[in-house]
Amino acid sequence: MEKLYMNDKKKKKIKIDGTSLLSFGVAIFAIVSLIAAGFNQISFALPAVEDPLPDNFKTKEFSSATDMLFSDTWTGRQIDMHFAIVDGKNIPVFCLQQSVSFADDSQYYKKSEEPINDAGLLYLMANLYPNVTMSPSYPIQNAQLNNNHQIETWITQAAIWYYLTSTSTEPQYNALTSDDLNKIKNTHAIGFTRSVLTPAQMTGYTSYDHTLFDSYTVNSKSINKLIEEAIAKKGSPATEMNVVSDENYSISEDGKYYFSSVINVQGSVSDPSLGTYKGFSVVISNAPDGTIITDENGGEIKNLDNMAPGTKFLIRVPADKIKEATQISISVNGNFETYSGNRYSAGADTQEITTVKLVSNVVGTGYSFEIAPAPDTGITTTSTIFFVGLIVLVCGIGIVYANAKPVENQQ
Amino acid sequence: MRMLNRWKINNKMKKSHLLLFGSLLIFLGISILSFNYFMKMRDAIFSEMKIAMMEGDSKLDEEIVNNIPEVNNLMAQPEETTANVYKEIDYSKYFGVLEIPKIGLKRGFYNIDSKYNNIQYNVTLVKGSTMPDVINGNLILMAHSGDAYISYFAYLYKLVIGDYAYITYNGQKYTYQIKNIYNVAKNGIVSIRRNYDKTSLTLITCTKNSDSLQTVYIAELV
């Protein structure tokens with residue numbers, strides 16, 4: 001019996017251990033699967049915020065030793081890479097005007113303090129090289145065609161020209177003809193220096209029918225699709241800040257303060273891939289002494305420099321300080337981390353260039369409201385006066401009538 | 001018999017006193033009933049007089065301005081010319097005139113510092129207002145609504161968006177068009193919702209048939 005008992009114990013032990021092991025194994029498998037699946041998900045995980053390009057920099061043009069060329073539709077066109085040299089680093093830049101030469105080894109200067117606000121162009125550039133990595137859609141066994149920065153540069157450059165020609169009304173940006181656009185879109189093959197290969201000769205490039213724009217994808221999206229989406233975003237702002245309030249004022253129960261209605265600050269980025277809205281700061285000016293900003297419960301908000309997205313607030317004004325009409329101004333600055341860039345030029349007859357980087361930036365908006373003291377402007381004393389006058393008149397008539405009646409003579 | 005006669009005489013005297021008293025009451029009653037009417041008439045007459053005086057002063061200023069001597073003849077002229085004399089503000093005169101033809105309103109208003117700039121007496125210029133010659137400024141006027149003789153804005157409720165109002169100030173007539181009309185709670189302050197890029201006129205009075213609201217009329221210079 002003991003033995004049996006002992007065996008039972010042992011058996012139980014084994015059973016327990018086995019179950020535990022199995023459960024543990026399943027758990028590990030699930031976690032690994034989850035992590036693996038997570039890596040394959042399409043996400044807009046943004047890189048770290050960088051410094052924007054400086055106000056000026058020197059440029060460098062790079063032609064690969066292997067000199068990749070296009071065959072097929074745009075035969076012989078060399079793919080060049082252009083860089084801005086900043087702090088010893090080469091930062092890829094792109095040309096905005098297809099028909100103008102790039103100025104190599106030249107000093108480029110920022111054209112305007114106003115950054116590019118074309119949401120379509122920003123969207124396109126934020127989702128292309130070097131900000132994201134392209135993946136070939138079709139099996140490409142030739143190592144030189146895989147993760148090739150020259151190809152990705154060309155695709156990005158061609159996409160920018162295609163977008164600008166399709167959307168810009170300024171002649172310097174839409175110089176490409178429809179024939180040029182077709183050539184861009186329908187570029188099939190890549191060749192190498194002095195040995196332009198036919199599609200059939202290209203090792204590893206399995207299909208001739210697919211164009212470059214179709215052959216590479218960004219986050220599972222073809223370049224064609226990306227360009228379509230960018231064109232759809234043309235004209236919309238990349239970032240937006242709005243202040244919404246119905247501008248009504250109420251008075252506190254003790255009559256000491258006026259409260260505005262809830263003020264709602266709304267910040268947004270037109271696409272998640274362009275960046276994020278981080279919050280806002282508020283500055284109030286030209287307000288009577290003692291004016292403060294409170295939360296919806298009336299508690300004072302002291303830190304106005306770093307208010308979280310979605311924070312709503314009210315303005316509280318001491319009632320005894322409103323002696324005259326006053327225009328109170330609120331400056332709201334939205335804090336964003338978004339892709340942004342400026343146009344640069346080396347002077348007349350040179351190519352305009354740009355690139356976009358994920359940077360911290362501020363988008364401001366203003367909100368003003370005017371308040372004025374207003375005494376009671378209603379009056380109905382005339383009715384009272386009329387009533388009193390009527391009573392007096394009736395009394396007078398009554399008295400006169402009662403005493404003017406002739407007395408009957410009694411004998 | 002004698003007592004009866006005395007009683008009759010006393011009674012007659014009492015009756016005559018009462019008749020006199022009754023007549024006085026009738027007279028008083030009629031006076032009270034017509035008080036508002038006569039005050040309105042008086043007010044209208046004085047207002048027209050003051051408007052005429054203000055317009056007359058404006059023309060006088062124009063004549064003076066035309067007589068400024070030319071630079072070349074400056075030495076031949078007396079040192080003090082009429083144009084160089086500092087013109088003090090007469091707070092008893094109208095500072096400007098508000099006119100709304102649709103409701104037959106033509107009423108002056110006084111300078112902000114005048115003792116007559118009071119809602120119990122006149123259309124009131126609100127402190128902090130700017131005059132029509134200030135670009136993107138806002139002229140704010142208030143007055144009573146209701147049925148008293150000082151209810152100058154009694155018929156403002158008839159105005160709709162698109163109606164016109166005029167302000168005469170400093171010899172110039174400014175045309176405004178109503179762009180917005182809204183009600184606010186009557187709690188001692190009014191929020192003025194206007195386009196800050198436009199020169200505006202704001203009129204404020206109590207909302208018709210309401211004890212708890214005020215109506216704000218926003219007009220823009222055209």
# chains A, B, ... in the order shown; residues from 1 in each chain; ligands from 1
>>> interface_residues(of="chain B", to="chain A", cutoff="9 Å", atoms="only C-alpha atoms", output="compact mmCIF listing (two decimals) with N, CA, C and O atoms, in the first residue's frame")
# COMPACT_ATOMS: atom_id res chain seq x y z
N LYS B 15 -68.62 120.71 1.09
CA LYS B 15 -68.72 120.22 -0.28
C LYS B 15 -67.81 121.01 -1.22
O LYS B 15 -67.16 120.46 -2.08
N SER B 16 -67.73 122.32 -1.03
CA SER B 16 -66.89 123.11 -1.94
C SER B 16 -65.43 122.77 -1.74
O SER B 16 -64.66 122.74 -2.70
N LEU B 18 -64.37 119.85 -0.76
CA LEU B 18 -64.17 118.53 -1.37
C LEU B 18 -64.14 118.64 -2.90
O LEU B 18 -63.36 117.96 -3.56
N LEU B 19 -65.00 119.51 -3.43
CA LEU B 19 -64.99 119.71 -4.89
C LEU B 19 -63.63 120.23 -5.36
O LEU B 19 -63.07 119.79 -6.37
N LEU B 20 -63.10 121.15 -4.59
CA LEU B 20 -61.80 121.72 -4.93
C LEU B 20 -60.72 120.65 -4.87
O LEU B 20 -59.87 120.52 -5.77
N PHE B 21 -60.81 119.87 -3.79
CA PHE B 21 -59.83 118.79 -3.62
C PHE B 21 -59.95 117.79 -4.75
O PHE B 21 -58.94 117.34 -5.31
N GLY B 22 -61.21 117.44 -5.09
CA GLY B 22 -61.43 116.50 -6.19
C GLY B 22 -60.89 117.02 -7.51
O GLY B 22 -60.29 116.29 -8.29
N SER B 23 -61.10 118.30 -7.74
CA SER B 23 -60.58 118.90 -8.99
C SER B 23 -59.07 118.84 -9.04
O SER B 23 -58.47 118.57 -10.09
N LEU B 24 -58.50 119.12 -7.87
CA LEU B 24 -57.02 119.05 -7.82
C LEU B 24 -56.54 117.64 -8.14
O LEU B 24 -55.56 117.46 -8.86
N LEU B 25 -57.27 116.67 -7.58
CA LEU B 25 -56.88 115.28 -7.85
C LEU B 25 -57.02 114.95 -9.34
O LEU B 25 -56.18 114.27 -9.92
N ILE B 26 -58.09 115.46 -9.94
CA ILE B 26 -58.28 115.21 -11.38
C ILE B 26 -57.12 115.82 -12.16
O ILE B 26 -56.54 115.21 -13.05
N PHE B 27 -56.79 117.06 -11.79
CA PHE B 27 -55.69 117.75 -12.47
C PHE B 27 -54.39 116.98 -12.29
O PHE B 27 -53.62 116.78 -13.25
N LEU B 28 -54.18 116.52 -11.03
CA LEU B 28 -52.94 115.77 -10.74
C LEU B 28 -52.92 114.47 -11.52
O LEU B 28 -51.88 114.08 -12.08
N GLY B 29 -54.08 113.80 -11.53
CA GLY B 29 -54.16 112.53 -12.27
C GLY B 29 -53.84 112.70 -13.74
O GLY B 29 -53.07 111.94 -14.33
N ILE B 30 -54.42 113.75 -14.34
CA ILE B 30 -54.15 114.00 -15.76
C ILE B 30 -52.67 114.33 -15.98
O ILE B 30 -52.04 113.88 -16.94
N SER B 31 -52.11 115.09 -15.04
CA SER B 31 -50.68 115.44 -15.16
C SER B 31 -49.80 114.20 -15.10
O SER B 31 -48.87 114.05 -15.89
N ILE B 32 -50.14 113.34 -14.15
CA ILE B 32 -49.33 112.11 -14.02
C ILE B 32 -49.48 111.25 -15.28
O ILE B 32 -48.50 110.73 -15.81
N LEU B 33 -50.69 111.14 -15.77
CA LEU B 33 -50.91 110.32 -16.96
C LEU B 33 -50.18 110.87 -18.17
O LEU B 33 -49.70 110.13 -19.02
N SER B 34 -50.09 112.16 -18.25
CA SER B 34 -49.45 112.76 -19.43
C SER B 34 -47.99 113.11 -19.17
O SER B 34 -47.33 113.67 -20.04
N PHE B 35 -47.48 112.75 -18.00
CA PHE B 35 -46.08 113.05 -17.65
C PHE B 35 -45.11 112.48 -18.68
O PHE B 35 -44.24 113.18 -19.21
N ASN B 36 -45.26 111.19 -18.95
CA ASN B 36 -44.34 110.51 -19.86
C ASN B 36 -44.39 111.15 -21.25
O ASN B 36 -43.37 111.36 -21.90
N ILE B 119 -27.13 106.35 -18.19
CA ILE B 119 -28.23 105.61 -18.81
C ILE B 119 -29.59 106.09 -18.30
O ILE B 119 -30.62 105.85 -18.92
N VAL B 126 -20.26 103.75 -23.59
CA VAL B 126 -19.61 102.89 -22.59
C VAL B 126 -18.11 103.18 -22.55
O VAL B 126 -17.46 103.32 -23.59
N LYS B 127 -17.59 103.24 -21.37
CA LYS B 127 -16.15 103.48 -21.18
C LYS B 127 -15.37 102.34 -21.82
O LYS B 127 -15.72 101.18 -21.68
N GLY B 128 -14.31 102.71 -22.50
CA GLY B 128 -13.52 101.70 -23.21
C GLY B 128 -13.87 101.64 -24.68
O GLY B 128 -13.19 100.97 -25.46
N SER B 129 -14.94 102.34 -25.07
CA SER B 129 -15.30 102.42 -26.49
C SER B 129 -14.28 103.25 -27.24
O SER B 129 -13.59 104.08 -26.66
N ILE B 140 -19.46 101.47 -28.36
CA ILE B 140 -20.49 100.72 -27.64
C ILE B 140 -21.47 101.71 -27.02
O ILE B 140 -21.07 102.59 -26.26
N MET B 142 -25.33 102.11 -25.01
CA MET B 142 -26.39 101.41 -24.28
C MET B 142 -27.53 102.37 -24.00
O MET B 142 -27.30 103.57 -23.83
N ALA B 143 -28.70 101.82 -23.89
CA ALA B 143 -29.85 102.64 -23.46
C ALA B 143 -30.94 101.71 -22.97
O ALA B 143 -30.91 100.49 -23.24
N HIS B 144 -31.89 102.29 -22.29
CA HIS B 144 -33.01 101.51 -21.78
C HIS B 144 -33.93 101.08 -22.91
O HIS B 144 -34.09 101.78 -23.91
N SER B 145 -34.54 99.94 -22.73
CA SER B 145 -35.70 99.57 -23.54
C SER B 145 -36.88 99.74 -22.58
O SER B 145 -36.71 100.17 -21.45
N GLY B 146 -38.05 99.40 -22.96
CA GLY B 146 -39.19 99.57 -22.06
C GLY B 146 -40.09 100.68 -22.54
O GLY B 146 -40.11 101.02 -23.72
N ASP B 147 -40.86 101.29 -21.61
CA ASP B 147 -41.88 102.25 -22.03
C ASP B 147 -41.71 103.64 -21.40
O ASP B 147 -42.59 104.47 -21.50
N ALA B 148 -40.58 103.87 -20.75
CA ALA B 148 -40.34 105.20 -20.18
C ALA B 148 -39.84 106.15 -21.26
O ALA B 148 -39.46 105.71 -22.34
N TYR B 149 -39.86 107.47 -20.95
CA TYR B 149 -39.43 108.43 -21.96
C TYR B 149 -37.93 108.35 -22.23
O TYR B 149 -37.45 108.84 -23.23
N ILE B 150 -37.19 107.72 -21.30
CA ILE B 150 -35.75 107.55 -21.53
C ILE B 150 -35.44 106.20 -22.18
O ILE B 150 -34.28 105.79 -22.27
N SER B 151 -36.46 105.49 -22.62
CA SER B 151 -36.24 104.19 -23.28
C SER B 151 -35.95 104.42 -24.75
O SER B 151 -36.78 104.11 -25.62
N VAL B 184 -27.76 87.72 -24.37
CA VAL B 184 -26.89 87.24 -23.31
C VAL B 184 -27.65 87.37 -21.99
O VAL B 184 -28.62 88.14 -21.89
N ALA B 185 -27.20 86.64 -21.00
CA ALA B 185 -27.84 86.72 -19.69
C ALA B 185 -27.57 88.10 -19.09
O ALA B 185 -26.49 88.67 -19.27
N LYS B 186 -28.54 88.61 -18.37
CA LYS B 186 -28.38 89.93 -17.75
C LYS B 186 -27.72 89.72 -16.39
O LYS B 186 -28.39 89.38 -15.41
N ASN B 187 -26.39 89.84 -16.36
CA ASN B 187 -25.68 89.59 -15.11
C ASN B 187 -24.61 90.63 -14.82
O ASN B 187 -23.73 90.41 -14.02
N GLY B 188 -24.69 91.74 -15.53
CA GLY B 188 -23.74 92.81 -15.24
C GLY B 188 -22.64 92.97 -16.27
O GLY B 188 -22.00 94.02 -16.32
N ILE B 189 -22.37 91.94 -17.06
CA ILE B 189 -21.42 92.12 -18.16
C ILE B 189 -21.97 91.48 -19.43
O ILE B 189 -22.85 90.61 -19.38
N VAL B 190 -21.44 91.98 -20.51
CA VAL B 190 -21.87 91.52 -21.82
C VAL B 190 -20.64 91.08 -22.60
O VAL B 190 -19.63 91.80 -22.60
N SER B 191 -20.71 89.94 -23.23
CA SER B 191 -19.59 89.56 -24.10
C SER B 191 -19.92 90.03 -25.51
O SER B 191 -21.05 89.85 -25.98
N ILE B 192 -18.96 90.68 -26.11
CA ILE B 192 -19.19 91.28 -27.42
C ILE B 192 -18.51 90.42 -28.47
O ILE B 192 -17.28 90.32 -28.52
N ARG B 193 -19.32 89.77 -29.27
CA ARG B 193 -18.79 88.84 -30.27
C ARG B 193 -18.75 89.55 -31.61
O ARG B 193 -19.78 89.72 -32.26
N ARG B 194 -17.59 90.01 -31.97
CA ARG B 194 -17.47 90.75 -33.21
C ARG B 194 -16.22 90.35 -33.95
O ARG B 194 -15.38 89.62 -33.43
N TYR B 196 -12.79 91.28 -35.03
CA TYR B 196 -11.84 92.26 -34.54
C TYR B 196 -11.06 92.94 -35.66
O TYR B 196 -10.28 93.84 -35.43
N ILE B 204 -26.56 97.93 -27.02
CA ILE B 204 -26.97 96.97 -25.98
C ILE B 204 -28.22 97.51 -25.29
O ILE B 204 -28.28 98.68 -24.90
N THR B 205 -29.19 96.64 -25.11
CA THR B 205 -30.38 97.01 -24.37
C THR B 205 -31.05 95.74 -23.87
O THR B 205 -30.65 94.63 -24.24
N CYS B 206 -32.06 95.88 -23.04
CA CYS B 206 -32.75 94.71 -22.53
C CYS B 206 -33.60 94.06 -23.62
O CYS B 206 -34.16 94.75 -24.48
N THR B 207 -33.69 92.78 -23.55
CA THR B 207 -34.47 92.03 -24.53
C THR B 207 -35.96 92.28 -24.28
O THR B 207 -36.41 92.28 -23.13
N LYS B 208 -36.68 92.47 -25.36
CA LYS B 208 -38.11 92.71 -25.24
C LYS B 208 -38.80 91.52 -24.56
O LYS B 208 -38.50 90.35 -24.88
N SER B 210 -38.46 90.28 -21.67
CA SER B 210 -37.62 89.41 -20.85
C SER B 210 -36.99 90.23 -19.73
O SER B 210 -36.51 91.34 -19.96
N ASP B 211 -36.99 89.64 -18.53
CA ASP B 211 -36.34 90.32 -17.41
C ASP B 211 -34.92 89.83 -17.20
O ASP B 211 -34.18 90.40 -16.41
N GLN B 214 -30.32 90.36 -22.10
CA GLN B 214 -30.02 91.60 -22.83
C GLN B 214 -29.69 91.22 -24.27
O GLN B 214 -29.12 90.16 -24.51
>>> atom_distance(atom1="atom CA of Tyr166 of chain B", atom2="atom CA of Asn138 of chain B")
13.9 Å
>>> residues_around(residues="segment 56-61 of chain A", least_positions_apart="6", cutoff="6 Å", atoms="only C-alpha atoms", output="list in words")
Met81, His82, Phe83, Ala84, Ile85, Asp104, Asp105, Ser106, Gln107, Tyr108 and Tyr109 of chain A
>>> write_last_selection(atoms="C-alpha atoms", output="compact mmCIF listing (two decimals), in the first residue's frame")
# COMPACT_ATOMS: atom_id res chain seq x y z
CA MET A 81 22.05 61.46 -54.59
CA HIS A 82 22.16 64.93 -53.09
CA PHE A 83 23.14 65.76 -49.56
CA ALA A 84 23.20 68.64 -47.16
CA ILE A 85 26.36 68.51 -45.07
CA ASP A 104 26.93 70.81 -56.09
CA ASP A 105 29.44 72.02 -53.48
CA SER A 106 27.44 75.20 -52.97
CA GLN A 107 26.06 77.10 -50.03
CA TYR A 108 22.29 76.82 -49.81
CA TYR A 109 20.21 79.24 -47.75
>>> atom_distance(atom1="atom CA of Pro132 of chain B", atom2="atom CA of Ser245 of chain A")
28.2 Å
>>> atom_distance(atom1="atom CA of Leu181 of chain A", atom2="atom CA of Trp161 of chain A")
8.5 Å
>>> closest_atom_pairs(of="segment 87-177 of chain A", to="segment 217-234 of chain A", cutoff="12 Å", atoms="only C-alpha atoms", output="JSON lines")
{"residue": "A:Ile116", "atom": "CA", "partner": "A:Lys234", "partner_atom": "CA", "distance": 11.9}
{"residue": "A:Asn117", "atom": "CA", "partner": "A:Lys234", "partner_atom": "CA", "distance": 9.7}
{"residue": "A:Asp118", "atom": "CA", "partner": "A:Lys234", "partner_atom": "CA", "distance": 6.3}
{"residue": "A:Ala119", "atom": "CA", "partner": "A:Lys234", "partner_atom": "CA", "distance": 5.8}
{"residue": "A:Gly120", "atom": "CA", "partner": "A:Ala230", "partner_atom": "CA", "distance": 4.2}
{"residue": "A:Leu121", "atom": "CA", "partner": "A:Ala230", "partner_atom": "CA", "distance": 6.5}
{"residue": "A:Leu122", "atom": "CA", "partner": "A:Ala230", "partner_atom": "CA", "distance": 8.3}
{"residue": "A:Tyr123", "atom": "CA", "partner": "A:Ala230", "partner_atom": "CA", "distance": 6.0}
{"residue": "A:Leu124", "atom": "CA", "partner": "A:Ala230", "partner_atom": "CA", "distance": 5.7}
{"residue": "A:Met125", "atom": "CA", "partner": "A:Ala230", "partner_atom": "CA", "distance": 9.3}
{"residue": "A:Ala126", "atom": "CA", "partner": "A:Ala230", "partner_atom": "CA", "distance": 10.5}
{"residue": "A:Asn127", "atom": "CA", "partner": "A:Val218", "partner_atom": "CA", "distance": 7.1}
{"residue": "A:Leu128", "atom": "CA", "partner": "A:Val218", "partner_atom": "CA", "distance": 7.2}
{"residue": "A:Tyr129", "atom": "CA", "partner": "A:Val218", "partner_atom": "CA", "distance": 9.4}
{"residue": "A:Pro130", "atom": "CA", "partner": "A:Val218", "partner_atom": "CA", "distance": 11.5}
{"residue": "A:Asn131", "atom": "CA", "partner": "A:Val218", "partner_atom": "CA", "distance": 10.4}
{"residue": "A:Val132", "atom": "CA", "partner": "A:Val218", "partner_atom": "CA", "distance": 7.2}
{"residue": "A:Thr133", "atom": "CA", "partner": "A:Val218", "partner_atom": "CA", "distance": 6.8}
{"residue": "A:Met134", "atom": "CA", "partner": "A:Val218", "partner_atom": "CA", "distance": 5.0}
{"residue": "A:Ser135", "atom": "CA", "partner": "A:Thr217", "partner_atom": "CA", "distance": 5.3}
{"residue": "A:Pro136", "atom": "CA", "partner": "A:Thr217", "partner_atom": "CA", "distance": 6.2}
{"residue": "A:Ser137", "atom": "CA", "partner": "A:Thr217", "partner_atom": "CA", "distance": 6.2}
{"residue": "A:Tyr138", "atom": "CA", "partner": "A:Thr217", "partner_atom": "CA", "distance": 9.8}
{"residue": "A:Asn147", "atom": "CA", "partner": "A:Thr217", "partner_atom": "CA", "distance": 11.9}
{"residue": "A:Glu152", "atom": "CA", "partner": "A:Thr217", "partner_atom": "CA", "distance": 10.4}
{"residue": "A:Trp154", "atom": "CA", "partner": "A:Ile223", "partner_atom": "CA", "distance": 11.9}
{"residue": "A:Ile155", "atom": "CA", "partner": "A:Ile223", "partner_atom": "CA", "distance": 8.1}
{"residue": "A:Thr156", "atom": "CA", "partner": "A:Ile223", "partner_atom": "CA", "distance": 8.8}
{"residue": "A:Gln157", "atom": "CA", "partner": "A:Ile223", "partner_atom": "CA", "distance": 11.6}
{"residue": "A:Ala158", "atom": "CA", "partner": "A:Ile223", "partner_atom": "CA", "distance": 10.2}
{"residue": "A:Ala159", "atom": "CA", "partner": "A:Ile227", "partner_atom": "CA", "distance": 6.8}
{"residue": "A:Ile160", "atom": "CA", "partner": "A:Ile227", "partner_atom": "CA", "distance": 8.5}
{"residue": "A:Trp161", "atom": "CA", "partner": "A:Ile227", "partner_atom": "CA", "distance": 10.5}
{"residue": "A:Tyr162", "atom": "CA", "partner": "A:Ile227", "partner_atom": "CA", "distance": 8.0}
{"residue": "A:Tyr163", "atom": "CA", "partner": "A:Ile227", "partner_atom": "CA", "distance": 6.5}
{"residue": "A:Leu164", "atom": "CA", "partner": "A:Ile231", "partner_atom": "CA", "distance": 8.9}
{"residue": "A:Thr165", "atom": "CA", "partner": "A:Ile231", "partner_atom": "CA", "distance": 10.4}
{"residue": "A:Ser166", "atom": "CA", "partner": "A:Ile231", "partner_atom": "CA", "distance": 7.6}
{"residue": "A:Thr167", "atom": "CA", "partner": "A:Ile231", "partner_atom": "CA", "distance": 6.8}
{"residue": "A:Ser168", "atom": "CA", "partner": "A:Lys234", "partner_atom": "CA", "distance": 9.3}
{"residue": "A:Thr169", "atom": "CA", "partner": "A:Lys234", "partner_atom": "CA", "distance": 11.9}
>>> residues_around(residues="segment 262-273 of chain A", least_positions_apart="4", cutoff="8 Å", atoms="only C-alpha atoms", output="list in words")
Phe44, Leu46, Ala119, Tyr123, Ala126, Asn127, Ser236, Pro237, Ala238, Thr239, Glu240, Met241, Asn242, Val243, Val244, Ser245, Asp246, Tyr277, Gly279, Glu296, Pro309, Gly310, Thr311, Lys312, Phe313, Leu314 and Gly334 of chain A
>>> residues_around(residues="Ile218 of chain B", least_positions_apart="4", cutoff="10 Å", atoms="only C-alpha atoms", output="list in words")
Asn138, Leu139, Ile140, Ile161, Tyr176, Gln177, Ile178, Lys179, Asn180, Ile181, Tyr182, Ile192, Arg193, Arg194, Asn195, Ser200, Leu201, Thr202, Leu203 and Ile204 of chain B
>>> closest_residue(among="A:Ile91, A:Val317, A:Ala175, A:Ala348", to="Phe259 of chain A", atoms="only C-alpha atoms")
A:Val317
>>> select_by_dssp(residues="segment 73-188 of chain B", states="strand (DSSP E or B)", output="count of residues only")
41
>>> closest_residue(among="A:Thr365, A:Asp349, A:Ile151, A:Pro115", to="Ser99 of chain A", atoms="only C-alpha atoms")
A:Asp349
>>> residues_around(residues="Ile301 of chain A", least_positions_apart="4", cutoff="9 Å", atoms="only C-alpha atoms", output="list in words")
Ile292, Ile293, Thr294, Asp295 and Phe313 of chain A
>>> closest_residue(among="A:Leu53, A:Val362, A:Ile315, A:Leu274", to="Val93 of chain A", atoms="only C-alpha atoms")
A:Leu53
>>> select_by_dssp(residues="segment 113-320 of chain A", states="alpha helix (DSSP H)", output="PyMOL selection string")
chain A and resi 119-126+149-167+178-185+212-215+223-233
